[in-house]
Structures are given as structure tokens and as C-alpha cells.
file start-v7.txt (compact mmCIF, C-alpha atoms)
# COMPACT_ATOMS: atom_id res chain seq x y z
CA MET T 1 -36.89 -4.32 -14.41
CA ARG T 2 -38.96 -2.40 -16.82
CA THR T 3 -36.76 -2.77 -19.86
CA PRO T 4 -37.74 -5.53 -22.25
CA GLU T 5 -34.77 -7.82 -22.04
CA ASN T 6 -35.71 -10.06 -24.87
CA LEU T 7 -36.06 -7.44 -27.57
CA PRO T 8 -33.04 -7.04 -29.77
CA ALA T 9 -31.02 -4.15 -28.35
CA THR T 10 -31.23 -2.25 -31.49
CA GLY T 11 -34.13 -0.06 -31.58
CA ASN T 12 -35.50 -1.92 -34.55
CA HIS T 13 -32.41 -1.44 -36.63
CA VAL T 14 -29.14 -3.16 -35.80
CA ASP T 15 -27.42 -4.66 -32.77
CA ILE T 16 -26.10 -1.52 -31.13
CA GLY T 17 -25.65 -3.23 -27.76
CA GLY T 18 -23.41 -5.85 -29.27
CA TYR T 19 -21.60 -3.23 -31.30
CA LEU T 20 -20.83 -1.06 -28.26
CA ALA T 21 -19.71 -4.11 -26.32
CA LYS T 22 -17.42 -5.02 -29.24
CA ALA T 23 -19.05 -8.43 -29.33
CA LEU T 24 -19.83 -8.66 -33.05
CA ASP T 25 -17.90 -10.61 -35.64
CA PRO T 26 -16.36 -8.67 -38.56
CA ALA T 27 -19.32 -9.29 -40.86
CA GLN T 28 -21.82 -8.14 -38.24
CA THR T 29 -19.68 -5.13 -37.41
CA GLU T 30 -19.56 -4.16 -41.02
CA ARG T 31 -23.31 -4.44 -41.27
CA VAL T 32 -23.77 -2.17 -38.26
CA GLU T 33 -21.31 0.36 -39.59
CA GLU T 34 -23.00 0.42 -42.95
CA HIS T 35 -26.27 1.02 -41.21
CA LEU T 36 -24.80 3.75 -39.02
CA ALA T 37 -23.43 5.54 -42.05
CA ALA T 38 -26.93 5.73 -43.46
CA CYS T 39 -29.05 6.16 -40.31
CA GLU T 40 -28.59 9.36 -38.39
CA ASP T 41 -30.78 8.26 -35.47
CA CYS T 42 -28.67 5.22 -34.79
CA ARG T 43 -25.46 7.22 -35.25
CA THR T 44 -26.53 9.77 -32.66
CA GLU T 45 -27.56 6.97 -30.33
CA VAL T 46 -24.26 5.16 -30.65
CA ASP T 47 -22.23 8.33 -30.18
CA SER T 48 -23.97 9.38 -26.99
CA LEU T 49 -23.92 5.89 -25.49
CA ARG T 50 -20.31 5.38 -26.40
CA GLU T 51 -19.41 8.44 -24.33
CA TRP T 52 -20.65 6.56 -21.29
CA ALA T 53 -19.00 3.31 -22.27
CA ASP T 54 -15.71 5.15 -22.80
CA SER T 55 -15.86 6.97 -19.48
CA LEU T 56 -16.52 3.67 -17.70
CA GLU T 57 -13.64 2.04 -19.52
CA ALA T 58 -11.39 4.93 -18.53
CA VAL T 59 -11.73 4.08 -14.84
CA PRO T 60 -8.27 2.81 -13.81
CA ASP T 61 -8.24 -0.92 -13.08
CA SER T 62 -6.88 -0.34 -9.61
CA MET T 63 -9.98 1.69 -8.73
CA ALA T 64 -12.45 -0.39 -10.66
CA GLU T 65 -11.54 -3.42 -8.61
CA ALA T 66 -11.60 -1.49 -5.35
CA MET T 67 -15.04 -0.10 -6.11
CA LEU T 68 -16.41 -3.62 -6.41
CA LEU T 69 -15.05 -5.07 -3.17
CA ASP T 70 -17.08 -5.09 0.02
CA GLY T 71 -16.47 -6.05 3.60
CA PRO T 72 -13.41 -5.98 5.81
CA PRO T 73 -10.00 -7.01 4.48
CA GLU T 74 -8.86 -10.53 5.05
CA GLY T 75 -6.40 -10.73 7.89
CA GLY T 76 -7.04 -7.09 8.71
CA ASP T 77 -7.79 -7.46 12.40
CA LEU T 78 -4.39 -6.26 13.55
CA LEU T 79 -4.69 -3.26 11.28
CA LEU T 80 -8.03 -2.36 12.87
CA GLN T 81 -6.68 -2.79 16.39
CA ARG T 82 -3.67 -0.64 15.56
CA THR T 83 -5.90 2.10 14.17
CA LEU T 84 -8.19 2.02 17.21
CA ARG T 85 -5.20 2.26 19.54
CA GLN T 86 -3.99 5.34 17.76
CA ILE T 87 -7.43 6.91 18.02
CA ARG T 88 -7.51 6.26 21.76
CA THR T 89 -4.08 7.78 22.16
CA GLU T 90 -5.03 10.86 20.20
CA SER T 91 -8.35 11.44 21.89
CA ALA T 92 -6.88 10.90 25.36
CA GLY T 93 -4.31 13.59 24.68
CA ASP T 94 -6.80 16.03 23.27
CA ARG T 95 -8.96 18.15 25.50
CA ASN T 96 -9.57 20.91 22.98
CA ARG T 97 -11.55 18.83 20.62
CA ARG T 98 -14.62 19.39 22.74
CA ARG T 99 -16.77 21.10 20.15
CA ALA T 100 -15.63 19.13 17.19
CA GLY T 101 -15.94 16.06 19.35
CA LEU T 102 -19.65 16.39 19.59
CA GLY T 103 -19.95 16.25 15.84
CA VAL T 104 -17.61 13.32 15.71
CA ALA T 105 -19.56 11.52 18.35
CA ALA T 106 -22.84 12.20 16.63
CA ALA T 107 -21.71 10.81 13.31
CA ALA T 108 -20.04 7.92 15.01
CA VAL T 109 -22.99 6.99 17.16
CA VAL T 110 -25.10 6.83 14.05
CA ALA T 111 -22.58 4.66 12.28
CA ALA T 112 -22.26 2.49 15.36
CA ALA T 113 -25.94 1.83 15.62
CA ILE T 114 -26.19 0.85 12.01
CA SER T 115 -22.99 -1.11 12.02
CA ALA T 116 -23.80 -3.16 15.06
CA GLY T 117 -27.44 -3.51 14.20
CA VAL T 118 -28.28 -2.63 17.79
CA ALA T 119 -30.45 0.02 19.31
CA ILE T 120 -28.42 2.73 20.92
CA GLY T 121 -31.53 3.65 22.83
CA HIS T 122 -33.91 6.52 23.18
CA THR T 123 -32.12 9.00 25.32
CA GLY T 124 -35.26 10.81 26.23
CA GLY T 125 -33.98 10.75 29.68
CA HIS T 126 -32.28 12.04 32.60
CA GLN T 127 -29.17 10.70 34.22
CA SER T 128 -26.32 9.25 32.30
CA SER T 129 -27.79 6.58 30.15
CA PRO T 130 -26.56 3.05 30.60
CA GLN T 131 -26.40 2.59 26.86
CA ALA T 132 -23.58 5.12 26.80
CA GLU T 133 -21.57 2.41 28.43
CA ALA T 134 -22.50 -0.15 25.85
CA PRO T 135 -19.46 -1.83 24.41
CA ALA T 136 -18.54 -0.91 20.88
CA PRO T 137 -19.59 -3.48 18.34
CA SER T 138 -17.10 -6.24 18.03
CA ALA T 139 -14.91 -6.59 15.01
CA THR T 140 -17.16 -9.31 13.74
CA ALA T 141 -20.31 -7.18 13.87
CA SER T 142 -22.33 -7.20 10.71
CA THR T 143 -21.63 -4.42 8.27
CA ALA T 144 -23.88 -1.45 7.71
CA ALA T 145 -27.07 -2.42 5.99
CA PRO T 146 -26.53 -1.96 2.27
CA GLY T 147 -28.15 1.18 1.01
CA THR T 148 -27.96 3.03 4.33
CA ARG T 149 -27.91 6.75 3.70
CA PHE T 150 -26.26 9.34 5.93
CA ALA T 151 -26.62 13.09 6.24
CA THR T 152 -25.42 15.79 8.61
CA VAL T 153 -26.99 19.22 8.79
CA ALA T 154 -26.36 22.20 11.06
CA ASP T 155 -29.08 24.82 10.98
CA PRO T 156 -27.41 28.18 11.58
CA ALA T 157 -30.71 29.88 12.46
CA THR T 158 -31.66 27.51 15.29
CA GLY T 159 -28.20 26.24 16.21
CA ALA T 160 -29.51 22.69 15.96
CA ARG T 161 -27.51 19.97 14.35
CA ILE T 162 -28.58 16.52 13.26
CA THR T 163 -26.73 13.55 11.91
CA VAL T 164 -28.93 10.80 10.58
CA ALA T 165 -28.65 7.38 9.09
CA VAL T 166 -31.60 5.84 7.31
CA ALA T 167 -31.34 2.10 6.81
CA PRO T 168 -33.71 0.46 4.33
CA GLN T 169 -35.86 -2.40 5.55
CA THR T 170 -38.44 -4.22 3.47
CA GLY T 171 -41.04 -1.55 2.82
CA TRP T 172 -39.99 0.64 5.77
CA VAL T 173 -36.92 2.36 7.19
CA ARG T 174 -34.98 2.36 10.42
CA VAL T 175 -33.69 5.78 11.32
CA THR T 176 -30.96 6.67 13.78
CA ALA T 177 -30.41 10.32 14.59
CA ALA T 178 -27.99 12.24 16.78
CA VAL T 179 -29.48 15.62 17.62
CA SER T 180 -27.70 18.45 19.38
CA GLY T 181 -28.05 22.19 19.89
CA ILE T 182 -31.69 22.18 21.00
CA PRO T 183 -32.44 23.87 24.36
CA ALA T 184 -33.44 21.77 27.36
CA GLY T 185 -37.17 21.36 27.87
CA GLN T 186 -38.10 21.38 24.21
CA GLN T 187 -40.57 18.67 23.29
CA CYS T 188 -39.28 17.36 20.01
CA GLN T 189 -40.40 15.12 17.22
CA LEU T 190 -38.38 13.31 14.61
CA PHE T 191 -40.03 12.93 11.22
CA VAL T 192 -39.09 11.04 8.11
CA VAL T 193 -40.22 13.03 5.08
CA LYS T 194 -41.53 11.47 1.90
CA LYS T 195 -40.80 12.72 -1.58
CA ASP T 196 -44.32 14.16 -1.82
CA GLY T 197 -43.64 16.25 1.29
CA THR T 198 -45.75 14.31 3.77
CA ALA T 199 -44.03 13.34 6.99
CA VAL T 200 -44.20 10.24 9.16
CA LEU T 201 -43.41 10.46 12.86
CA ALA T 202 -40.46 8.28 13.78
CA GLY T 203 -40.11 9.29 17.44
CA SER T 204 -40.55 12.00 20.05
CA TRP T 205 -38.69 13.10 23.20
CA VAL T 206 -38.05 16.00 25.54
CA VAL T 207 -34.57 17.51 25.57
CA SER T 208 -32.89 16.99 28.94
CA ALA T 209 -30.21 19.27 30.38
CA LYS T 210 -27.72 16.63 29.43
CA GLY T 211 -29.26 16.30 25.97
CA ALA T 212 -28.95 20.06 25.50
CA ALA T 213 -25.28 19.92 26.43
CA ASP T 214 -24.15 16.70 24.84
CA GLY T 215 -26.79 15.88 22.28
CA THR T 216 -29.38 13.14 22.16
CA THR T 217 -29.30 9.95 20.15
CA LEU T 218 -32.56 8.46 18.96
CA ASP T 219 -33.73 5.39 17.17
CA GLY T 220 -36.95 5.28 15.25
CA THR T 221 -38.78 3.59 12.45
CA ALA T 222 -41.13 4.84 9.80
CA LEU T 223 -43.48 3.10 7.45
CA ILE T 224 -42.13 4.64 4.27
CA ASP T 225 -40.73 2.71 1.38
CA PRO T 226 -36.94 3.26 1.38
CA SER T 227 -37.05 4.57 -2.18
CA ASP T 228 -39.63 7.17 -1.18
CA VAL T 229 -37.57 8.79 1.60
CA ALA T 230 -36.66 12.41 0.85
CA GLY T 231 -35.22 13.47 4.18
CA VAL T 232 -35.49 13.77 7.95
CA ARG T 233 -36.78 16.66 10.02
CA VAL T 234 -36.70 17.62 13.68
CA SER T 235 -39.27 20.03 15.06
CA ASN T 236 -40.98 20.69 18.38
CA THR T 237 -44.57 19.83 19.18
CA ASP T 238 -45.60 23.40 18.34
CA GLY T 239 -44.35 22.88 14.83
CA LYS T 240 -41.18 24.95 15.05
CA GLN T 241 -38.57 23.31 12.86
CA PHE T 242 -35.04 22.94 14.28
CA ALA T 243 -33.28 21.26 11.41
CA SER T 244 -33.97 19.24 8.34
CA ALA T 245 -31.67 17.01 6.32
CA ASN T 246 -32.16 15.86 2.76
CA LEU T 247 -31.13 12.36 1.83
CA MET V 1 -18.93 19.85 31.17
CA ALA V 2 -18.51 16.60 29.38
CA GLY V 3 -17.00 14.87 32.34
CA LEU V 4 -15.34 11.53 32.34
CA ARG V 5 -18.46 9.69 31.39
CA GLY V 6 -19.03 11.92 28.35
CA GLN V 7 -15.43 11.50 27.39
CA ARG V 8 -15.73 7.77 27.62
CA ARG V 9 -18.90 7.68 25.60
CA ARG V 10 -17.34 9.79 22.90
CA GLU V 11 -14.43 7.42 22.65
CA VAL V 12 -16.72 4.46 22.30
CA ALA V 13 -18.68 6.24 19.60
CA ASP V 14 -15.54 7.39 17.77
CA GLU V 15 -14.26 3.86 17.68
CA ALA V 16 -17.56 2.65 16.32
CA LEU V 17 -17.30 4.99 13.34
CA VAL V 18 -13.89 3.61 12.44
CA ARG V 19 -15.03 0.05 12.98
CA SER V 20 -18.02 0.46 10.71
CA LEU V 21 -15.98 2.09 7.95
CA PHE V 22 -13.49 -0.72 8.24
CA GLN V 23 -16.18 -3.38 8.12
CA GLU V 24 -17.79 -1.92 5.04
CA HIS V 25 -14.91 -0.47 3.04
CA GLY V 26 -11.76 -1.99 4.52
CA ARG V 27 -11.28 -4.53 1.79
CA ALA V 28 -11.68 -1.96 -0.96
CA MET V 29 -9.38 0.49 0.81
CA LEU V 30 -6.63 -2.05 1.34
CA ALA V 31 -6.95 -3.39 -2.21
CA TYR V 32 -6.58 0.09 -3.66
CA ALA V 33 -3.71 1.06 -1.38
CA THR V 34 -1.94 -2.18 -2.26
CA GLN V 35 -2.45 -1.50 -5.96
CA LEU V 36 -0.82 1.90 -5.59
CA THR V 37 2.02 0.98 -3.27
CA ARG V 38 2.64 -2.63 -4.34
CA ASP V 39 3.42 -3.36 -0.70
CA ARG V 40 0.96 -4.78 1.81
CA ALA V 41 2.72 -3.35 4.88
CA ILE V 42 2.89 0.17 3.44
CA ALA V 43 -0.69 -0.20 2.22
CA GLU V 44 -1.83 -1.01 5.76
CA ASP V 45 -0.16 2.16 7.04
CA VAL V 46 -1.97 4.12 4.34
CA VAL V 47 -5.34 2.62 5.25
CA GLN V 48 -4.71 3.38 8.90
CA GLU V 49 -3.97 7.00 8.09
CA ALA V 50 -7.06 7.25 5.87
CA LEU V 51 -9.26 5.92 8.69
CA LEU V 52 -7.73 8.45 11.07
CA ARG V 53 -8.50 11.25 8.65
CA ALA V 54 -12.09 10.02 8.38
CA TRP V 55 -12.28 10.01 12.18
CA ARG V 56 -10.91 13.55 12.39
CA ASN V 57 -13.23 14.88 9.66
CA PRO V 58 -16.47 12.95 9.82
CA ASP V 59 -18.32 15.91 8.35
CA SER V 60 -16.42 15.85 5.09
CA LEU V 61 -17.00 12.12 5.00
CA VAL V 62 -20.74 12.45 5.32
CA ASN V 63 -21.25 15.65 3.35
CA GLY V 64 -18.69 15.06 0.64
CA ARG V 65 -19.67 14.95 -2.97
CA GLY V 66 -20.29 11.41 -4.03
CA SER V 67 -20.01 8.27 -2.00
CA VAL V 68 -18.24 7.48 1.25
CA ARG V 69 -16.25 4.87 -0.67
CA GLY V 70 -15.18 7.49 -3.18
CA TRP V 71 -14.07 9.85 -0.41
CA LEU V 72 -12.01 7.15 1.25
CA LEU V 73 -10.29 6.08 -1.96
CA THR V 74 -9.46 9.67 -2.84
CA VAL V 75 -7.94 10.14 0.60
CA ILE V 76 -5.88 7.00 0.11
CA ARG V 77 -4.54 8.28 -3.15
CA ASN V 78 -3.60 11.62 -1.59
CA ILE V 79 -1.77 9.92 1.26
CA VAL V 80 0.27 7.79 -1.14
CA ILE V 81 1.19 10.89 -3.11
CA ASP V 82 2.31 12.67 0.06
CA MET V 83 4.44 9.66 0.93
CA VAL V 84 6.11 9.68 -2.44
CA ARG V 85 6.78 13.41 -2.21
CA ALA V 86 8.23 13.10 1.26
CA ARG V 87 10.51 10.34 0.16
CA ASN V 88 11.62 12.21 -2.93
CA ALA V 89 12.60 15.13 -0.72
CA ARG V 90 15.29 12.91 0.74
CA PRO V 91 18.34 12.98 -1.50
CA THR V 92 19.58 9.46 -0.91
CA GLU V 93 16.92 7.63 -2.86
CA VAL V 94 17.30 7.12 -6.55
CA GLY V 95 15.30 5.71 -9.37
CA GLU V 96 11.64 5.50 -10.15
CA SER V 97 9.67 3.27 -7.87
CA PRO V 98 6.63 1.19 -8.79
CA VAL V 99 4.65 3.50 -6.53
CA GLU V 100 5.34 6.49 -8.71
CA VAL V 101 4.41 4.56 -11.80
CA ALA V 102 1.12 3.46 -10.28
CA ILE V 103 0.34 6.97 -9.08
CA GLU V 104 1.15 8.41 -12.46
CA ARG V 105 -1.31 6.01 -14.02
CA ASP V 106 -3.93 7.06 -11.51
CA HIS V 107 -3.71 10.70 -12.43
CA ALA V 108 -5.67 13.01 -10.14
CA ASP V 109 -8.20 14.11 -12.73
CA ARG V 110 -8.77 10.57 -13.81
CA VAL V 111 -9.40 9.49 -10.27
CA ALA V 112 -11.86 12.32 -9.68
CA ASP V 113 -13.65 11.60 -12.95
CA SER V 114 -13.74 7.92 -12.16
CA MET V 115 -15.35 8.55 -8.79
CA LEU V 116 -18.14 10.49 -10.45
CA VAL V 117 -18.73 7.87 -13.10
CA VAL V 118 -18.71 5.07 -10.57
CA ASP V 119 -21.08 7.02 -8.35
CA ALA V 120 -23.37 7.50 -11.35
CA LEU V 121 -23.24 3.77 -11.90
CA GLY V 122 -24.41 3.35 -8.32
CA GLN V 123 -27.71 5.03 -9.22
CA LEU V 124 -28.68 2.24 -11.59
CA SER V 125 -30.64 -0.89 -10.79
CA THR V 126 -28.53 -3.84 -9.71
CA GLU V 127 -29.02 -5.64 -13.02
CA HIS V 128 -27.95 -2.64 -15.03
CA ARG V 129 -25.03 -1.80 -12.79
CA GLU V 130 -23.66 -5.34 -12.78
CA VAL V 131 -23.64 -5.75 -16.52
CA LEU V 132 -21.79 -2.45 -17.02
CA GLU V 133 -19.31 -3.31 -14.27
CA GLN V 134 -18.53 -6.58 -16.01
CA LEU V 135 -18.25 -5.25 -19.54
CA TYR V 136 -16.66 -1.87 -19.05
CA LEU V 137 -15.07 -1.60 -15.60
CA LEU V 138 -13.60 -5.08 -15.55
CA GLY V 139 -13.28 -5.34 -19.31
CA SER V 140 -14.92 -8.76 -19.60
CA THR V 141 -16.08 -10.06 -22.95
CA VAL V 142 -19.79 -10.57 -23.49
CA GLY V 143 -19.25 -14.32 -23.04
CA GLU V 144 -17.38 -13.87 -19.75
CA ALA V 145 -19.98 -11.42 -18.47
CA ALA V 146 -22.76 -13.83 -19.43
CA GLU V 147 -21.13 -16.64 -17.51
CA SER V 148 -20.34 -14.60 -14.45
CA LEU V 149 -23.85 -13.11 -14.29
CA GLY V 150 -25.60 -16.34 -15.24
CA ILE V 151 -27.55 -14.85 -18.14
CA PRO V 152 -27.46 -15.55 -21.89
CA PRO V 153 -24.99 -13.53 -24.01
CA GLY V 154 -27.87 -11.97 -25.91
CA THR V 155 -29.22 -10.59 -22.66
CA VAL V 156 -25.80 -9.17 -21.76
CA LYS V 157 -25.83 -7.23 -25.01
CA SER V 158 -29.36 -5.95 -24.73
CA ARG V 159 -29.11 -5.26 -21.02
CA SER V 160 -25.88 -3.33 -21.38
CA PHE V 161 -27.52 -1.27 -24.10
CA TYR V 162 -30.45 -0.40 -21.87
CA ALA V 163 -28.12 0.22 -18.95
CA LEU V 164 -26.13 2.78 -20.94
CA ARG V 165 -29.40 4.41 -21.92
CA ALA V 166 -30.45 4.50 -18.28
CA LEU V 167 -27.21 6.30 -17.41
CA ARG V 168 -27.83 8.80 -20.15
CA GLU V 169 -31.36 9.32 -18.91
CA LEU V 170 -30.08 10.02 -15.40
CA TYR V 171 -27.41 12.43 -16.62
CA PRO V 172 -28.62 13.88 -19.91
CA GLY V 173 -25.54 16.12 -20.12
CA GLY V 174 -23.32 13.09 -20.62
CA PRO V 175 -20.25 12.07 -18.64
CA ALA V 176 -18.26 15.14 -19.69
CA ARG V 177 -20.88 17.42 -18.20
CA LEU V 178 -20.96 15.31 -15.05
CA GLU V 179 -17.26 15.89 -14.58
CA ARG V 180 -17.32 19.58 -15.36
CA SER V 181 -20.25 20.45 -13.18
CA ALA V 182 -18.71 18.75 -10.19
CA SER V 183 -15.20 20.14 -10.43

call {"tool": "encode", "arguments": {"input": "start-v7.txt", "output": "C-alpha cells"}}
result
Amino acid sequence: MRTPENLPATGNHVDIGGYLAKALDPAQTERVEEHLAACEDCRTEVDSLREWADSLEAVPDSMAEAMLLDGPPEGGDLLLQRTLRQIRTESAGDRNRRRAGLGVAAAAVVAAAISAGVAIGHTGGHQSSPQAEAPAPSATASTAAPGTRFATVADPATGARITVAVAPQTGWVRVTAAVSGIPAGQQCQLFVVKKDGTAVLAGSWVVSAKGAADGTTLDGTALIDPSDVAGVRVSNTDGKQFASANL
Amino acid sequence: MAGLRGQRRREVADEALVRSLFQEHGRAMLAYATQLTRDRAIAEDVVQEALLRAWRNPDSLVNGRGSVRGWLLTVIRNIVIDMVRARNARPTEVGESPVEVAIERDHADRVADSMLVVDALGQLSTEHREVLEQLYLLGSTVGEAAESLGIPPGTVKSRSFYALRALRELYPGGPARLERSAS
């Protein structure tokens, strides 16, 4: 915290913080208002800050409360099961969702990895990966790490598409990426890019025939402070960039 | 091309998306839906539908303006409005329901503006965000905020002052500009 908490919140004039929070008694309020009438700097300050205070106060209570709640609902297990059943029914009946499905799967795989806190695995490989059969995280799995950031990017020039999640750790990040649309045989690298433009390698793989068709899911880590992460990039070992996502 | 195995894997992954949204935002979603509908059973149906929409459109969820939470709450509001409209199309029902009153209060523009302001709040440090949540979102007094945050009242006042300044620094155009530029 770089703000000096113990200084009076006043510039050096009057208690503007208390005034905006409507926490002053009538005598104090009068003193502030007298000062404001005479001091243009403080008046401008109060007016511009009050805009923010007002817009925060204007948030409907129903939303304000909802914005502050985290976690799953109490007694919501049946609701979740019901929703999952409907998804299974819909996806079983739908064979035309093939293309969209890839995108769905990519985003979901990323969310799953973060949500369950498990490695989905480096699908550098051949043959159907056993991790594809991994059970979905149970309803009691831990929630996504707070501060996890997601992005999806399709590069129209290369046809590549990446969906990434970057989860902050202490001083470094865990990155999960679903990559599709890159031809088989390409030797690829996944980079996490810092705000100053330098990149840190988070993983590398070769695109299999299956990976070219269905996409590849990767897990990696990078020694970059979470606050310093600007984005994620996929390129081949020759330096050709397939896609890059800003976070 | 996908084959049965691919199909299966996709289903597992799709379910995982819904599970993780539910784990992280389920409580907020259900609380908001219950606020709007005043009925837990109807609210659960609304949350279910919102999760299905997220599953069908993961791209809009990830790429949408603002937060995932904001996207989900906006979807919830839209679903409740559709429900009210559908019911009003049936001639047998009469009278104004609590749902309509709640929806009216959560006018569309206000909801959109609120999302942006709340997202802006999310950019602040935890200390700054918490004190503004207490004072302005929840409408606590300085004394109540001080107690709930475990800091002296004087710190609540000064911290809220610096927090408002931090918001202004992040968005020099002010909240009005924030709303205009995004709509």
C-alpha cells in the first residue's frame, strides 16, 4: 500500500474523506462546506471524487451483494447435477456442433485444469491420451485460483486458435493452453510474454496428426510475476508466430 | 473424425467448464436470480439456463467486455426478463408481480453501468476495493465499515478517500466516460 494511511485524508485542508463518506457531524460538515466554498482546489477534488462515490452507490443492492459473493451456492448440488444432465442430453443429440465444439472443449479444458487444480497433461503425443479419460473434477473440487485470467484468440492469418488461462502463483504463473489449427509436424513453443515484451518459454511440443485435428492441451509454468504478465504467444521453433493472446 | 473417444473427451471438458463456473460464481448467480425472482425454485431454473448459455457460447464468456461474473449476471437478468415477457403474453395472468418490480428497479442501463463500475473496482488493491465496497456498495456507515474491516474509523475515511482517487487515476474520464465509451 503506497498511500499514507495515517495522514488526514484532506490534502492539508479539511476532511474530504469523511465528508464524502457522510461521516461528519453537522459542525464538521459546516466547516468543510465553508472551506469548499472558498477553496477551488478542494471543490474540484470533491466534485470529481463524488462522481465515483455516486456511481458506486447507484449499483442496485441486488447486484452489489451478488458481486461480493464467491463460491458455489449452499445446497446447490442438485442444481449442478440437473444442469450437467441437460448438457449431456444436448451434446449427445448434437452432431453438428463439431466445429463449435472444438472451441467449447478448448475453453472448457482450460477451465477444468484450473478448477480442479490438476494437470491435464502435455499432449505432445501420439495415440489417444489417457488424460482425455480423466474424470471431471468432482463437485467439491477447489475453485479456480483467484486472479486467474482467461483469453481466447483466433488468428485469421494462420488459422491457429488458442485459449489460455494464466493462474497466479507466488512470484510465477501456471499457464494452461488449448491450441488448435496448427498443422501436424510443427514444432511449437508456448511463451508467456512480459509487459516489457520479453518472453519466457513455458513449454514446447510437436503437433501430432491428432493434435492438428482436435487441438492440443498444454500445461506450463513461467517465472514471471503474475502482475507482469502481458500475454501468451505460440510460435514454432523457427520463430513463426501462430497466435498471440493479450491478458 | 472426432470419433467416440473425441466425443467423450469433449463432454468431459464441457462439463468441467460448467462445474468451474458453478464453483466460482454459483453463489453469486443464485443470489442475484433469487433477488430478481423472489423464488428459489425459479431462480435455480434461471441459473441453470444461464450456465447452459455459457456452455453454448464460451467465446462470449471469455472475450466479453468486463468480467466473467458480470457476463453471467447480465445473462441472468436477460433470462428473467424473457420469462416475465413470456408470462405476460399469456392473457390469464393479472397484476404486477414482485418479479416485475425487481426487474424495473434493475433497469438495463443501470445494470450495464453497474457492471462497469464494479469491474473498475476490481482493478484496485484489495484494501482500496474493500473499503469502497463497504461504504458505497453495501452502504455501511464509517463505524460499521471500520468494525467489519478491523481498522480504525479514521483509516476508513482516509483509505476511502485514497481509494476514490485511485479509481479516478485509473479512469481519468470519470465514471460517465467509462459508461459511454463502453456502450

call {"tool": "atom_distance", "arguments": {"input": "start-v7.txt", "atom1": "atom CA of T:Ile162", "atom2": "atom CA of V:Phe22"}}
result
23.5 Å

call {"tool": "residues_around", "arguments": {"input": "start-v7.txt", "residues": "V:Tyr136", "least_positions_apart": "2", "cutoff": "7 Å", "atoms": "all atoms listed in the file", "output": "list in words"}}
result
Ala53, Leu56 and Glu57 of chain T; Leu132, Glu133, Gln134, Leu138 and Gly139 of chain V

call {"tool": "closest_residue", "arguments": {"input": "start-v7.txt", "among": "V:Asp59, V:Arg77, V:Val46, V:Ala54", "to": "T:Ser62", "atoms": "only C-alpha atoms"}}
result
V:Arg77

call {"tool": "residues_around", "arguments": {"input": "start-v7.txt", "residues": "V:Tyr171", "least_positions_apart": "3", "cutoff": "12 Å", "atoms": "all atoms listed in the file", "output": "PyMOL selection string"}}
result
(chain T and resi 48-49+51-52) or (chain V and resi 116-117+119-121+123-124+164-168+174-179+181)

call {"tool": "closest_residue", "arguments": {"input": "start-v7.txt", "among": "V:Tyr32, V:Leu61, V:His128, V:Tyr162", "to": "T:Asp61", "atoms": "only C-alpha atoms"}}
result
V:Tyr32

call {"tool": "closest_residue", "arguments": {"input": "start-v7.txt", "among": "T:Gly203, T:Gly215, T:Gly159, T:Pro183", "to": "chain V", "atoms": "all atoms listed in the file"}}
result
T:Gly215

call {"tool": "atom_distance", "arguments": {"input": "start-v7.txt", "atom1": "atom CA of V:Arg53", "atom2": "atom CA of V:Leu72"}}
result
9.2 Å

call {"tool": "atom_distance", "arguments": {"input": "start-v7.txt", "atom1": "atom CA of V:Met115", "atom2": "atom CA of V:Val68"}}
result
10.5 Å

call {"tool": "interface_residues", "arguments": {"input": "start-v7.txt", "of": "chain V", "to": "chain T", "cutoff": "7 Å", "atoms": "all atoms listed in the file", "output": "PyMOL selection string"}}
result
chain V and resi 9-10+12-17+19-20+22-32+35+44+48+58+62-63+106+114+117+136-138+142+155+157-161+164-165+175

call {"tool": "closest_residue", "arguments": {"input": "start-v7.txt", "among": "T:Ser180, T:Ser208, T:Gln187, T:Thr216", "to": "T:Thr237", "atoms": "all atoms listed in the file"}}
result
T:Gln187

call {"tool": "closest_residue", "arguments": {"input": "start-v7.txt", "among": "T:Ala165, T:Ala212, T:Ala154, T:Cys188", "to": "T:Ala243", "atoms": "only C-alpha atoms"}}
result
T:Ala154

call {"tool": "closest_residue", "arguments": {"input": "start-v7.txt", "among": "T:Thr29, T:Thr176, T:Asn246, T:Thr148", "to": "T:Gly197", "atoms": "only C-alpha atoms"}}
result
T:Asn246
